[in-house]
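J.: This one is input_15.pdb, PDB, C-alpha atoms and all ligand atoms.
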```
ATOM      1  CA  MET A 707       4.497   9.592 -14.861
ATOM      2  CA  ASN A 708       3.691   9.829 -11.204
ATOM      3  CA  GLU A 709       6.399   9.628  -8.547
ATOM      4  CA  THR A 710       5.814   8.766  -4.925
ATOM      5  CA  THR A 711       8.146   8.331  -1.988
ATOM      6  CA  ARG A 712       8.372   6.013   0.965
ATOM      7  CA  PRO A 713       5.587   6.752   3.465
ATOM      8  CA  ALA A 714       6.360   7.085   7.159
ATOM      9  CA  GLU A 715       3.431   4.880   8.163
ATOM     10  CA  SER A 716       0.769   2.999   6.248
ATOM     11  CA  ASP A 717      -1.655   0.096   6.532
ATOM     12  CA  PRO A 718      -0.064  -3.363   6.581
ATOM     13  CA  LEU A 719       0.620  -4.835   3.155
ATOM     14  CA  PRO A 720      -1.532  -7.811   2.238
ATOM     15  CA  ARG A 721      -0.211 -11.303   2.706
ATOM     16  CA  THR A 722       2.637 -11.745   0.235
ATOM     17  CA  ALA A 723       4.381 -14.618  -1.543
ATOM     18  CA  MET A 724       7.523 -14.496  -3.647
ATOM     19  CA  ILE A 725       8.496 -17.074  -6.248
ATOM     20  CA  GLY A 726      12.292 -16.958  -6.680
ATOM     21  CA  VAL A 727      14.554 -15.181  -4.235
ATOM     22  CA  GLY A 728      17.706 -14.434  -6.222
ATOM     23  CA  SER A 729      19.483 -11.103  -6.676
ATOM     24  CA  MET A 730      16.334  -9.053  -7.219
ATOM     25  CA  GLY A 731      13.845 -11.072  -5.170
ATOM     26  CA  GLY A 732      16.388 -11.237  -2.344
ATOM     27  CA  ALA A 733      16.844  -7.457  -2.420
ATOM     28  CA  ILE A 734      13.077  -6.873  -2.275
ATOM     29  CA  LEU A 735      12.736  -9.431   0.501
ATOM     30  CA  ALA A 736      15.499  -7.781   2.540
ATOM     31  CA  GLY A 737      13.763  -4.423   2.104
ATOM     32  CA  LEU A 738      10.414  -5.907   3.124
ATOM     33  CA  ARG A 739      11.961  -7.452   6.255
ATOM     34  CA  ALA A 740      13.293  -4.098   7.481
ATOM     35  CA  PRO A 741      11.986  -2.803  10.817
ATOM     36  CA  GLY A 742       8.803  -0.801  10.420
ATOM     37  CA  VAL A 743       7.488  -2.611   7.334
ATOM     38  CA  ARG A 744       4.193  -4.229   8.246
ATOM     39  CA  ILE A 745       2.820  -7.189   6.304
ATOM     40  CA  ASP A 746      -0.241  -9.282   7.013
ATOM     41  CA  GLY A 747       1.413 -12.570   8.027
ATOM     42  CA  PRO A 748       4.806 -14.051   7.186
ATOM     43  CA  ILE A 749       6.126 -13.699   3.623
ATOM     44  CA  ALA A 750       5.996 -17.059   1.837
ATOM     45  CA  VAL A 751       9.011 -17.536  -0.438
ATOM     46  CA  THR A 752      10.153 -20.285  -2.725
ATOM     47  CA  THR A 753      13.728 -21.029  -3.587
ATOM     48  CA  ARG A 754      14.989 -23.665  -5.926
ATOM     49  CA  SER A 755      17.449 -25.377  -3.569
ATOM     50  CA  LEU A 756      16.784 -26.746  -0.101
ATOM     51  CA  ALA A 757      19.973 -25.067   1.137
ATOM     52  CA  SER A 758      18.627 -21.649   0.106
ATOM     53  CA  ALA A 759      15.310 -22.337   1.853
ATOM     54  CA  GLU A 760      17.119 -23.435   5.010
ATOM     55  CA  GLN A 761      18.634 -19.987   5.508
ATOM     56  CA  PHE A 762      15.149 -18.899   6.615
ATOM     57  CA  ALA A 763      14.773 -21.719   9.170
ATOM     58  CA  GLY A 764      13.540 -20.289  12.466
ATOM     59  CA  ALA A 765      12.540 -16.932  10.957
ATOM     60  CA  GLU A 766       9.179 -15.677  12.162
ATOM     61  CA  ASP A 767       8.595 -13.331   9.259
ATOM     62  CA  VAL A 768       9.415 -15.715   6.376
ATOM     63  CA  VAL A 769       8.198 -19.205   5.478
ATOM     64  CA  ALA A 770      10.344 -20.842   2.813
ATOM     65  CA  PHE A 771       9.595 -23.719   0.424
ATOM     66  CA  ALA A 772      12.178 -25.362  -1.833
ATOM     67  CA  SER A 773      10.994 -26.429  -5.270
ATOM     68  CA  GLU A 774      13.770 -29.011  -5.781
ATOM     69  CA  SER A 775      12.554 -31.106  -2.831
ATOM     70  CA  ASP A 776       8.853 -30.204  -2.957
ATOM     71  CA  PRO A 777       7.093 -30.216  -6.334
ATOM     72  CA  GLU A 778       4.180 -28.357  -4.709
ATOM     73  CA  ALA A 779       6.426 -25.596  -3.273
ATOM     74  CA  ASN A 780       5.276 -22.750  -5.508
ATOM     75  CA  ARG A 781       1.617 -23.692  -5.174
ATOM     76  CA  ARG A 782       1.911 -23.951  -1.385
ATOM     77  CA  ALA A 783       3.569 -20.543  -1.220
ATOM     78  CA  VAL A 784       0.839 -18.701  -3.113
ATOM     79  CA  ARG A 785      -2.092 -20.219  -1.201
ATOM     80  CA  GLY A 786      -3.584 -17.501   0.995
ATOM     81  CA  ALA A 787      -1.428 -14.761  -0.572
ATOM     82  CA  ARG A 788      -3.130 -11.622  -1.882
ATOM     83  CA  LEU A 789       0.092 -10.420  -3.486
ATOM     84  CA  VAL A 790       2.378 -12.756  -5.445
ATOM     85  CA  ILE A 791       5.755 -11.495  -6.657
ATOM     86  CA  LEU A 792       7.374 -13.404  -9.518
ATOM     87  CA  GLY A 793      11.149 -13.111  -9.088
ATOM     88  CA  VAL A 794      12.360 -15.732 -11.570
ATOM     89  CA  LYS A 795      14.194 -15.168 -14.857
ATOM     90  CA  PRO A 796      12.102 -13.916 -17.786
ATOM     91  CA  TRP A 797      12.166 -17.227 -19.630
ATOM     92  CA  MET A 798      10.910 -19.070 -16.512
ATOM     93  CA  ILE A 799       7.895 -16.829 -15.939
ATOM     94  CA  ALA A 800       5.425 -18.722 -18.148
ATOM     95  CA  ASP A 801       6.201 -22.085 -16.526
ATOM     96  CA  ALA A 802       6.003 -20.591 -13.043
ATOM     97  CA  VAL A 803       2.643 -18.940 -13.781
ATOM     98  CA  ARG A 804       1.186 -22.117 -15.314
ATOM     99  CA  GLU A 805       2.283 -23.984 -12.195
ATOM    100  CA  ILE A 806       0.616 -21.630  -9.701
ATOM    101  CA  ALA A 807      -2.367 -20.425 -11.759
ATOM    102  CA  ASP A 808      -5.111 -22.536 -10.192
ATOM    103  CA  ALA A 809      -3.657 -22.225  -6.673
ATOM    104  CA  LEU A 810      -3.888 -18.415  -6.709
ATOM    105  CA  GLU A 811      -6.392 -16.825  -4.352
ATOM    106  CA  PRO A 812      -9.366 -15.351  -6.212
ATOM    107  CA  GLY A 813      -8.677 -11.648  -6.735
ATOM    108  CA  ALA A 814      -4.952 -11.953  -5.972
ATOM    109  CA  ILE A 815      -2.465  -9.555  -7.524
ATOM    110  CA  VAL A 816       0.427 -11.070  -9.471
ATOM    111  CA  VAL A 817       3.442  -8.778  -9.779
ATOM    112  CA  SER A 818       6.141  -9.661 -12.278
ATOM    113  CA  VAL A 819       9.534  -7.980 -12.024
ATOM    114  CA  ALA A 820      10.795  -9.748 -15.144
ATOM    115  CA  ALA A 821      12.328  -7.725 -17.962
ATOM    116  CA  GLY A 822      10.711  -8.244 -21.352
ATOM    117  CA  VAL A 823       7.618 -10.200 -20.268
ATOM    118  CA  PRO A 824       4.424  -8.289 -21.200
ATOM    119  CA  SER A 825       1.569  -8.341 -18.700
ATOM    120  CA  ALA A 826      -0.684  -9.779 -21.429
ATOM    121  CA  ALA A 827       1.488 -12.918 -21.585
ATOM    122  CA  ILE A 828       0.846 -13.503 -17.884
ATOM    123  CA  GLU A 829      -2.827 -12.505 -18.053
ATOM    124  CA  ALA A 830      -3.349 -15.188 -20.690
ATOM    125  CA  LEU A 831      -2.249 -17.845 -18.164
ATOM    126  CA  VAL A 832      -4.135 -16.835 -14.996
ATOM    127  CA  PRO A 833      -7.826 -17.177 -14.085
ATOM    128  CA  ALA A 834     -10.184 -14.240 -14.604
ATOM    129  CA  GLY A 835     -10.204 -11.844 -11.650
ATOM    130  CA  ILE A 836      -6.440 -12.004 -11.069
ATOM    131  CA  SER A 837      -4.753  -8.617 -11.499
ATOM    132  CA  VAL A 838      -1.388  -8.547 -13.232
ATOM    133  CA  VAL A 839       0.982  -5.664 -12.562
ATOM    134  CA  ARG A 840       4.503  -5.243 -13.879
ATOM    135  CA  ALA A 841       7.246  -3.737 -11.795
ATOM    136  CA  MET A 842      10.812  -2.849 -12.639
ATOM    137  CA  PRO A 843      12.735  -2.474  -9.361
ATOM    138  CA  ASN A 844      16.466  -2.324  -8.702
ATOM    139  CA  THR A 845      18.790  -3.968  -6.204
ATOM    140  CA  PRO A 846      19.258  -0.965  -3.841
ATOM    141  CA  SER A 847      15.741  -1.979  -2.714
ATOM    142  CA  HIS A 848      17.775  -4.137  -0.331
ATOM    143  CA  LEU A 849      18.499  -0.982   1.695
ATOM    144  CA  GLY A 850      15.176   0.765   1.153
ATOM    145  CA  LEU A 851      16.869   2.890  -1.533
ATOM    146  CA  GLY A 852      15.254   1.255  -4.557
ATOM    147  CA  ALA A 853      13.717   2.960  -7.578
ATOM    148  CA  THR A 854      10.813   1.020  -9.066
ATOM    149  CA  GLY A 855       8.603   1.577 -12.083
ATOM    150  CA  VAL A 856       5.105   0.107 -11.672
ATOM    151  CA  ALA A 857       2.826  -0.444 -14.677
ATOM    152  CA  PRO A 858      -0.645  -2.001 -14.568
ATOM    153  CA  GLY A 859      -1.674  -4.676 -17.008
ATOM    154  CA  ALA A 860      -5.137  -4.465 -18.590
ATOM    155  CA  SER A 861      -6.486  -6.664 -15.760
ATOM    156  CA  ALA A 862      -5.351  -4.338 -12.959
ATOM    157  CA  ASP A 863      -7.579  -1.656 -11.485
ATOM    158  CA  ALA A 864      -6.513   1.421  -9.515
ATOM    159  CA  ALA A 865      -6.709  -0.448  -6.195
ATOM    160  CA  ALA A 866      -4.305  -3.133  -7.445
ATOM    161  CA  VAL A 867      -1.854  -0.503  -8.684
ATOM    162  CA  ASP A 868      -2.103   1.259  -5.352
ATOM    163  CA  THR A 869      -1.284  -1.945  -3.468
ATOM    164  CA  VAL A 870       1.764  -2.631  -5.657
ATOM    165  CA  ARG A 871       2.860   0.983  -5.339
ATOM    166  CA  ARG A 872       2.676   0.623  -1.542
ATOM    167  CA  LEU A 873       4.641  -2.631  -1.733
ATOM    168  CA  PHE A 874       7.546  -1.010  -3.576
ATOM    169  CA  GLU A 875       7.353   2.227  -1.569
ATOM    170  CA  THR A 876       8.427   0.149   1.418
ATOM    171  CA  VAL A 877      11.752  -0.423  -0.377
ATOM    172  CA  GLY A 878      12.290   2.953  -2.061
ATOM    173  CA  ILE A 879      10.666   5.362  -4.512
ATOM    174  CA  VAL A 880       8.030   4.406  -7.075
ATOM    175  CA  LEU A 881       7.069   5.794 -10.482
ATOM    176  CA  VAL A 882       3.725   4.652 -11.844
ATOM    177  CA  VAL A 883       4.143   4.449 -15.621
ATOM    178  CA  HIS A 884       2.378   3.048 -18.661
ATOM    179  CA  GLU A 885       3.553  -0.397 -19.616
ATOM    180  CA  ASP A 886       5.128   0.949 -22.802
ATOM    181  CA  GLN A 887       7.589   2.842 -20.572
ATOM    182  CA  ILE A 888       8.656  -0.116 -18.438
ATOM    183  CA  ASN A 889      11.560  -1.053 -20.748
ATOM    184  CA  ASP A 890      12.809   2.517 -20.408
ATOM    185  CA  VAL A 891      12.660   2.223 -16.618
ATOM    186  CA  ALA A 892      14.711  -0.986 -16.915
ATOM    187  CA  ALA A 893      17.284   0.851 -19.043
ATOM    188  CA  VAL A 894      17.632   3.756 -16.595
ATOM    189  CA  SER A 895      17.137   2.513 -13.040
ATOM    190  CA  GLY A 896      16.630  -1.260 -13.311
ATOM    191  CA  SER A 897      20.080  -1.759 -14.809
ATOM    192  CA  GLY A 898      21.393   1.594 -13.555
ATOM    193  CA  PRO A 899      23.230   0.277 -10.483
ATOM    194  CA  ALA A 900      25.369  -1.862 -12.813
ATOM    195  CA  TYR A 901      26.488   1.231 -14.739
ATOM    196  CA  LEU A 902      27.564   2.830 -11.454
ATOM    197  CA  PHE A 903      29.383  -0.340 -10.405
ATOM    198  CA  LEU A 904      31.177  -0.386 -13.758
ATOM    199  CA  TYR A 905      32.173   3.244 -13.192
ATOM    200  CA  ALA A 906      33.496   2.254  -9.747
ATOM    201  CA  GLU A 907      35.444  -0.661 -11.207
ATOM    202  CA  GLU A 908      37.027   1.475 -13.906
ATOM    203  CA  MET A 909      37.825   4.383 -11.591
ATOM    204  CA  THR A 910      39.398   2.013  -9.049
ATOM    205  CA  ALA A 911      41.508   0.353 -11.726
ATOM    206  CA  ALA A 912      42.586   3.741 -13.099
ATOM    207  CA  ALA A 913      43.445   4.956  -9.582
ATOM    208  CA  ALA A 914      45.509   1.809  -9.006
ATOM    209  CA  ARG A 915      47.380   2.508 -12.249
ATOM    210  CA  LEU A 916      48.235   5.947 -10.858
ATOM    211  CA  GLY A 917      49.984   4.151  -7.996
ATOM    212  CA  PHE A 918      47.435   3.735  -5.189
ATOM    213  CA  ASP A 919      47.162   0.301  -3.670
ATOM    214  CA  GLU A 920      43.846  -1.553  -4.116
ATOM    215  CA  ASP A 921      42.486  -0.584  -0.693
ATOM    216  CA  GLN A 922      43.378   3.084  -1.061
ATOM    217  CA  ALA A 923      41.877   3.201  -4.549
ATOM    218  CA  ARG A 924      38.628   1.564  -3.422
ATOM    219  CA  ARG A 925      38.221   3.873  -0.427
ATOM    220  CA  LEU A 926      38.812   7.013  -2.469
ATOM    221  CA  VAL A 927      36.383   5.914  -5.208
ATOM    222  CA  LEU A 928      33.653   4.672  -2.856
ATOM    223  CA  GLN A 929      33.669   7.793  -0.703
ATOM    224  CA  THR A 930      33.646   9.976  -3.821
ATOM    225  CA  ILE A 931      30.565   8.197  -5.220
ATOM    226  CA  VAL A 932      28.707   8.165  -1.897
ATOM    227  CA  GLY A 933      29.638  11.777  -1.148
ATOM    228  CA  ALA A 934      28.695  13.054  -4.609
ATOM    229  CA  ALA A 935      25.380  11.125  -4.548
ATOM    230  CA  GLU A 936      24.570  12.478  -1.103
ATOM    231  CA  LEU A 937      25.432  16.014  -2.216
ATOM    232  CA  MET A 938      22.988  15.647  -5.120
ATOM    233  CA  ARG A 939      20.315  14.145  -2.909
ATOM    234  CA  SER A 940      20.592  16.475   0.056
ATOM    235  CA  THR A 941      20.933  19.738  -1.879
ATOM    236  CA  GLY A 942      18.519  18.829  -4.677
ATOM    237  CA  GLU A 943      20.864  20.759  -6.966
ATOM    238  CA  ASP A 944      21.092  20.147 -10.666
ATOM    239  CA  PRO A 945      24.095  17.821 -11.208
ATOM    240  CA  ALA A 946      25.356  20.147 -13.952
ATOM    241  CA  ARG A 947      25.603  22.931 -11.368
ATOM    242  CA  LEU A 948      27.339  20.662  -8.850
ATOM    243  CA  ARG A 949      29.766  19.661 -11.608
ATOM    244  CA  ARG A 950      30.493  23.307 -12.400
ATOM    245  CA  ASN A 951      31.233  23.868  -8.684
ATOM    246  CA  VAL A 952      34.059  21.323  -8.975
ATOM    247  CA  THR A 953      35.306  22.551 -12.327
ATOM    248  CA  SER A 954      37.518  25.605 -11.839
ATOM    249  CA  PRO A 955      38.119  27.579 -15.031
ATOM    250  CA  LYS A 956      41.484  26.538 -16.453
ATOM    251  CA  GLY A 957      41.722  23.973 -13.617
ATOM    252  CA  THR A 958      42.359  20.243 -13.496
ATOM    253  CA  THR A 959      38.755  18.967 -13.633
ATOM    254  CA  GLU A 960      38.131  20.901 -16.831
ATOM    255  CA  ARG A 961      40.873  18.926 -18.576
ATOM    256  CA  ALA A 962      39.489  15.555 -17.451
ATOM    257  CA  ILE A 963      35.891  16.440 -18.334
ATOM    258  CA  ALA A 964      37.056  17.522 -21.789
ATOM    259  CA  VAL A 965      38.601  14.086 -22.318
ATOM    260  CA  LEU A 966      35.339  12.370 -21.326
ATOM    261  CA  GLN A 967      33.204  14.667 -23.472
ATOM    262  CA  ASP A 968      35.549  14.364 -26.476
ATOM    263  CA  ALA A 969      35.150  10.588 -26.188
ATOM    264  CA  GLY A 970      31.398  10.997 -26.715
ATOM    265  CA  TRP A 971      30.327  10.407 -23.103
ATOM    266  CA  GLY A 972      26.772  11.737 -23.701
ATOM    267  CA  ALA A 973      26.175   9.787 -26.900
ATOM    268  CA  LEU A 974      27.542   6.672 -25.227
ATOM    269  CA  PHE A 975      24.715   6.765 -22.686
ATOM    270  CA  ASP A 976      22.155   7.121 -25.490
ATOM    271  CA  ARG A 977      23.618   4.028 -27.144
ATOM    272  CA  ALA A 978      23.807   2.030 -23.913
ATOM    273  CA  LEU A 979      20.193   2.791 -22.957
ATOM    274  CA  ALA A 980      18.989   2.071 -26.506
ATOM    275  CA  ALA A 981      20.798  -1.293 -26.422
ATOM    276  CA  ASN A 982      19.151  -2.069 -23.083
ATOM    277  CA  VAL A 983      15.671  -1.285 -24.440
ATOM    278  CA  GLN A 984      16.387  -3.325 -27.560
ATOM    279  CA  ARG A 985      17.290  -6.330 -25.399
ATOM    280  CA  SER A 986      13.962  -6.015 -23.525
ATOM    281  CA  GLU A 987      12.178  -6.000 -26.874
ATOM    282  CA  GLU A 988      14.052  -9.144 -27.932
ATOM    283  CA  LEU A 989      13.017 -10.841 -24.677
ATOM    284  CA  GLU A 990       9.399  -9.855 -25.443
ATOM    285  CA  ARG A 991       9.749 -11.764 -28.726
ATOM    286  CA  GLY A 992      11.172 -14.773 -26.870
ATOM    287  CA  GLU A 993      14.703 -14.281 -28.270
TER     288      GLU A 993
HETATM  289  N1  LIG B   1      18.914  -8.388 -10.868
HETATM  290  C1  LIG B   1      18.371  -7.165 -11.059
HETATM  291  O1  LIG B   1      18.999  -6.130 -10.751
HETATM  292  C2  LIG B   1      16.990  -7.044 -11.621
HETATM  293  C3  LIG B   1      16.292  -8.153 -12.042
HETATM  294  N2  LIG B   1      15.027  -8.026 -12.530
HETATM  295  C4  LIG B   1      14.274  -9.208 -12.921
HETATM  296  O2  LIG B   1      14.226 -10.048 -11.789
HETATM  297  C5  LIG B   1      14.106 -11.402 -12.200
HETATM  298  C6  LIG B   1      15.098 -12.247 -11.449
HETATM  299  O3  LIG B   1      16.409 -11.801 -11.790
HETATM  300  P1  LIG B   1      17.621 -12.051 -10.816
HETATM  301  O4  LIG B   1      17.160 -11.907  -9.409
HETATM  302  O5  LIG B   1      18.717 -11.211 -11.292
HETATM  303  O6  LIG B   1      17.925 -13.582 -11.139
HETATM  304  P2  LIG B   1      18.471 -14.713 -10.154
HETATM  305  O7  LIG B   1      18.915 -15.848 -10.999
HETATM  306  O8  LIG B   1      19.449 -14.120  -9.185
HETATM  307  O9  LIG B   1      17.166 -15.120  -9.326
HETATM  308  C7  LIG B   1      16.188 -16.005  -9.762
HETATM  309  C8  LIG B   1      15.916 -16.969  -8.632
HETATM  310  O10 LIG B   1      14.810 -17.766  -8.954
HETATM  311  C9  LIG B   1      15.049 -19.067  -8.454
HETATM  312  N3  LIG B   1      14.175 -19.998  -9.156
HETATM  313  C10 LIG B   1      14.239 -20.415 -10.430
HETATM  314  N4  LIG B   1      13.261 -21.286 -10.692
HETATM  315  C11 LIG B   1      12.534 -21.404  -9.556
HETATM  316  C12 LIG B   1      11.396 -22.154  -9.195
HETATM  317  N5  LIG B   1      10.777 -22.966 -10.047
HETATM  318  N6  LIG B   1      10.926 -22.044  -7.921
HETATM  319  C13 LIG B   1      11.529 -21.209  -7.052
HETATM  320  N7  LIG B   1      12.610 -20.479  -7.343
HETATM  321  C14 LIG B   1      13.108 -20.578  -8.578
HETATM  322  C15 LIG B   1      16.526 -19.284  -8.711
HETATM  323  O11 LIG B   1      17.056 -20.319  -7.905
HETATM  324  C16 LIG B   1      17.092 -17.908  -8.369
HETATM  325  O12 LIG B   1      17.472 -17.807  -7.010
HETATM  326  C17 LIG B   1      14.337 -11.432 -13.710
HETATM  327  O13 LIG B   1      13.128 -11.690 -14.346
HETATM  328  C18 LIG B   1      14.879 -10.051 -14.025
HETATM  329  O14 LIG B   1      14.481  -9.601 -15.293
HETATM  330  C19 LIG B   1      14.385  -6.806 -12.582
HETATM  331  C20 LIG B   1      15.032  -5.680 -12.176
HETATM  332  C21 LIG B   1      16.403  -5.691 -11.688
HETATM  333  O1  LIG B   2      19.772  -7.474 -16.669
HETATM  334  C1  LIG B   2      18.565  -7.723 -16.616
HETATM  335  O2  LIG B   2      17.987  -8.301 -17.571
HETATM  336  C2  LIG B   2      17.767  -7.290 -15.408
HETATM  337  C3  LIG B   2      16.666  -6.329 -15.762
HETATM  338  C4  LIG B   2      17.090  -5.011 -15.182
HETATM  339  C5  LIG B   2      18.271  -5.313 -14.393
HETATM  340  N1  LIG B   2      18.596  -6.570 -14.484
END
```
Just give me the structure of the file as structure tokens.

T.:
Amino acid sequence: MNETTRPAESDPLPRTAMIGVGSMGGAILAGLRAPGVRIDGPIAVTTRSLASAEQFAGAEDVVAFASESDPEANRRAVRGARLVILGVKPWMIADAVREIADALEPGAIVVSVAAGVPSAAIEALVPAGISVVRAMPNTPSHLGLGATGVAPGASADAAAVDTVRRLFETVGIVLVVHEDQINDVAAVSGSGPAYLFLYAEEMTAAAARLGFDEDQARRLVLQTIVGAAELMRSTGEDPARLRRNVTSPKGTTERAIAVLQDAGWGALFDRALAANVQRSEELERGE
């Protein structure tokens, strides 16, 4: 596993197209549109609805095509692109790839962010010479705070991996992994923001039950999460040590932590991550 971080300055990314701009594609797109990110030409995107495409009207850095009103939208978007990001749902990937296959530029790189779609399934549908790379990003990419696993398919050489690594470094940190680890990346960081949001929901609800109003509860919980995350990030300290700093012997935190640990907190994460990986494996089997 090989981790890299966002570079201060690098060559422009090659011309890029994105098929499907939903939660994940939209987050990547927002990250790519941030000041300082340099791309060779406007990013071509396709949305399903015309209304979604119209939000980009007048933008200089994005050209949008809507597939509901233009049957050629996806093919138009990928023409001229050296880098094509597939941002549709896993079960739509095969149809999308069949649709664009013969419009792809020779030598283009196709990046799929879909959970549970092996690179080989995409490689079987594209012309020879196209490189397929899998990526497993997460939605904080929107703010340049993403964590992405990148795994080459058999068709991708080191240069293709490097280009995709650079793409995702513009929106956060990147781990280059073997494809057999990509489901694990999905379980940890791909889905990870949702676990944190669930924690925030539950903490806010519990705080409200203690008597805080909704706004007070939200502010206390949000600032606690942001502050604790920033403390971890800025000090680089082991979270166990930071936890011990909060946990006075015979104090209040100790009692609460004991409740969480007695409830099997650690084992619960093992089960949740295993369930996540299992779901990726089901998607691989088309279930
Ligand atoms: N949401 C997340 O946090 C993450 C999602 N992923 C992967 O990202 C992919 C997309 O997931 P989401 O963004 O959550 O789904 P989504 O439903 O929000 O986005 C998919 C988008 O594709 C569009 N679309 C569908 N068919 C299209 C077509 N023929 N032409 C153009 N656009 C089309 C839809 O209108 C929608 O906006 C999935 O494969 C998922 O496994 C990966 C990592 C994290
Ligand atoms: O829930 C999903 O299937 C996708 C993959 C990782 C995060 N969201």

J.: What does the structure give for the distance between CA of Asp968 (chain A) and CA of Gly898 (chain A), in Å to one decimal?

T.: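 Distance reported for this atom pair: 23.0 Å.
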
J.: Dump the neighbourhood of ligand LIG 2 (chain B) as a count of residues only: all residues within 10 Å, distances computed on only C-alpha atoms and all ligand atoms.

T.: 27

J.: Quick one: residues within 7 Å of Val839 (chain A), all atoms listed in the file, excluding same-chain residues fewer than 6 positions away - as an MDAnalysis selection string?

T.: chainID A and resid 816:818 825 857:859 862

J.: Give as a PyMOL selection string each residue that has an atom at most 8 Å from (-2.8, -19.2, -17.7) in the file, counting all atoms listed in the file.

T.: chain A and resi 803-804+807+828-833

J.: Show me, as a PDB file with C-alpha atoms, in the frame of the given file, the residues that have an atom within 8 Å of region 759-769 of chain A when counting only C-alpha atoms, minus same-chain residues fewer than 3 positions from it.

T.:
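Below you can see part28.pdb, which holds the result:
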```pdb
ATOM      1  CA  ARG A 739      11.961  -7.452   6.255  1.00  0.00           C
ATOM      2  CA  GLY A 747       1.413 -12.570   8.027  1.00  0.00           C
ATOM      3  CA  PRO A 748       4.806 -14.051   7.186  1.00  0.00           C
ATOM      4  CA  ILE A 749       6.126 -13.699   3.623  1.00  0.00           C
ATOM      5  CA  ALA A 750       5.996 -17.059   1.837  1.00  0.00           C
ATOM      6  CA  VAL A 751       9.011 -17.536  -0.438  1.00  0.00           C
ATOM      7  CA  THR A 752      10.153 -20.285  -2.725  1.00  0.00           C
ATOM      8  CA  THR A 753      13.728 -21.029  -3.587  1.00  0.00           C
ATOM      9  CA  ARG A 754      14.989 -23.665  -5.926  1.00  0.00           C
ATOM     10  CA  SER A 755      17.449 -25.377  -3.569  1.00  0.00           C
ATOM     11  CA  LEU A 756      16.784 -26.746  -0.101  1.00  0.00           C
ATOM     12  CA  ALA A 772      12.178 -25.362  -1.833  1.00  0.00           C
TER      13      ALA A 772
END
```

J.: So for ligand LIG 1 (chain B), what box centre and size do we get, axis-aligned, 5 Å extra on each of the six sides, every listed atom, Å to one decimal, as AutoDock Vina command-line options?

T.:
```
--center_x 15.1 --center_y -14.3 --center_z -11.2 --size_x 18.7 --size_y 27.3 --size_z 18.3
```

J.: Quick one: everything within 9 Å of Pro824 (chain A), counting only C-alpha atoms, minus sequence neighbours fewer than 6 positions away in the same chain. Send it as a PDB file with C-alpha atoms, in the coordinates of the input.

T.:
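So around_27.pdb came out as:
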```
ATOM      1  CA  ARG A 840       4.503  -5.243 -13.879  1.00  0.00           C
ATOM      2  CA  GLY A 859      -1.674  -4.676 -17.008  1.00  0.00           C
ATOM      3  CA  GLU A 885       3.553  -0.397 -19.616  1.00  0.00           C
ATOM      4  CA  GLU A 990       9.399  -9.855 -25.443  1.00  0.00           C
TER       5      GLU A 990
END
```

J.: What does the PyMOL selection byres (((chain A and resi 781) around 8) and not hetatm) select in this file, as an MDAnalysis selection string?

T.: chainID A and resid 778:780 782:785 805:806 809:810

J.: Using the selection just defined, write its residues with C-alpha atoms as a compact mmCIF listing (two decimals), in the frame of the given file.

T.:
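What follows is the written file selection_33.txt:
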```txt
# COMPACT_ATOMS: atom_id res chain seq x y z
CA GLU A 778 4.18 -28.36 -4.71
CA ALA A 779 6.43 -25.60 -3.27
CA ASN A 780 5.28 -22.75 -5.51
CA ARG A 782 1.91 -23.95 -1.38
CA ALA A 783 3.57 -20.54 -1.22
CA VAL A 784 0.84 -18.70 -3.11
CA ARG A 785 -2.09 -20.22 -1.20
CA GLU A 805 2.28 -23.98 -12.20
CA ILE A 806 0.62 -21.63 -9.70
CA ALA A 809 -3.66 -22.22 -6.67
CA LEU A 810 -3.89 -18.42 -6.71
```

J.: Anything within 8 Å of (15.6, 5.8, -5.6): list those residues as a ChimeraX atom specification, counting only C-alpha atoms and sticking to the file's coordinates.

T.: /A:846,851-854,878-880

J.: From the list A:Ala834, A:Leu719, A:Ala860, A:Val743, which residue is nearest Val790 (chain A) when using only C-alpha atoms?

T.: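 Closest to Val790 (chain A), using only C-alpha atoms: A:Leu719.
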
J.: So what do you get for CA of Val983 (chain A) versus CA of Val794 (chain A), distance-wise?

T.: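 These two atoms are separated by 19.6 Å.
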
J.: CA of Gly813 (chain A) to CA of Arg721 (chain A): how many Å, to one decimal?

T.: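 A separation of 12.7 Å between them.
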
J.: Please evaluate the PyMOL selection byres (((chain A and resi 875) around 10) and not hetatm) against the structure above and give the resulting residues as an MDAnalysis selection string.

T.: chainID A and resid 710:713 737:738 847 850:854 869:874 876:881

J.: A:Val932, A:Leu849, A:Val856, A:Leu902: which is nearest Val883 (chain A), counting only C-alpha atoms?

T.: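 Nearest to Val883 (chain A): A:Val856.
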
J.: Give the answer as one residue: which of A:Leu916, A:Ala864, A:Val823, A:Ala736 has the shortest atom-to-atom distance to ligand LIG 1 (chain B), using only C-alpha atoms and all ligand atoms?

T.: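 Counting only C-alpha atoms and all ligand atoms, the residue closest to ligand LIG 1 (chain B) is A:Val823.
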
J.: Nearest to ligand LIG 1 (chain B) among A:His848, A:Arg939, A:Arg961, A:Arg991, with distances taken over all atoms listed in the file: which residue is it?

T.: A:His848

J.: From the options A:Ile725, A:Ala962, A:Ala757, A:Ala841, which residue's atoms come nearest to Asp801 (chain A), counting only C-alpha atoms?

T.: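 That would be A:Ile725, the residue with the smallest distance to Asp801 (chain A).
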
J.: With distances taken over only C-alpha atoms, which of A:Leu948, A:Gly786, A:Glu987, A:Ser837 is nearest to Gly933 (chain A)?

T.: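 Selected residue with least distance to Gly933 (chain A): A:Leu948.
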
J.: Neighbours of Arg949 (chain A) within 10 Å (only C-alpha atoms; same-chain residues fewer than 6 positions away dropped), as an NGL selection string?

T.: :A and (934 or 959-960 or 963)
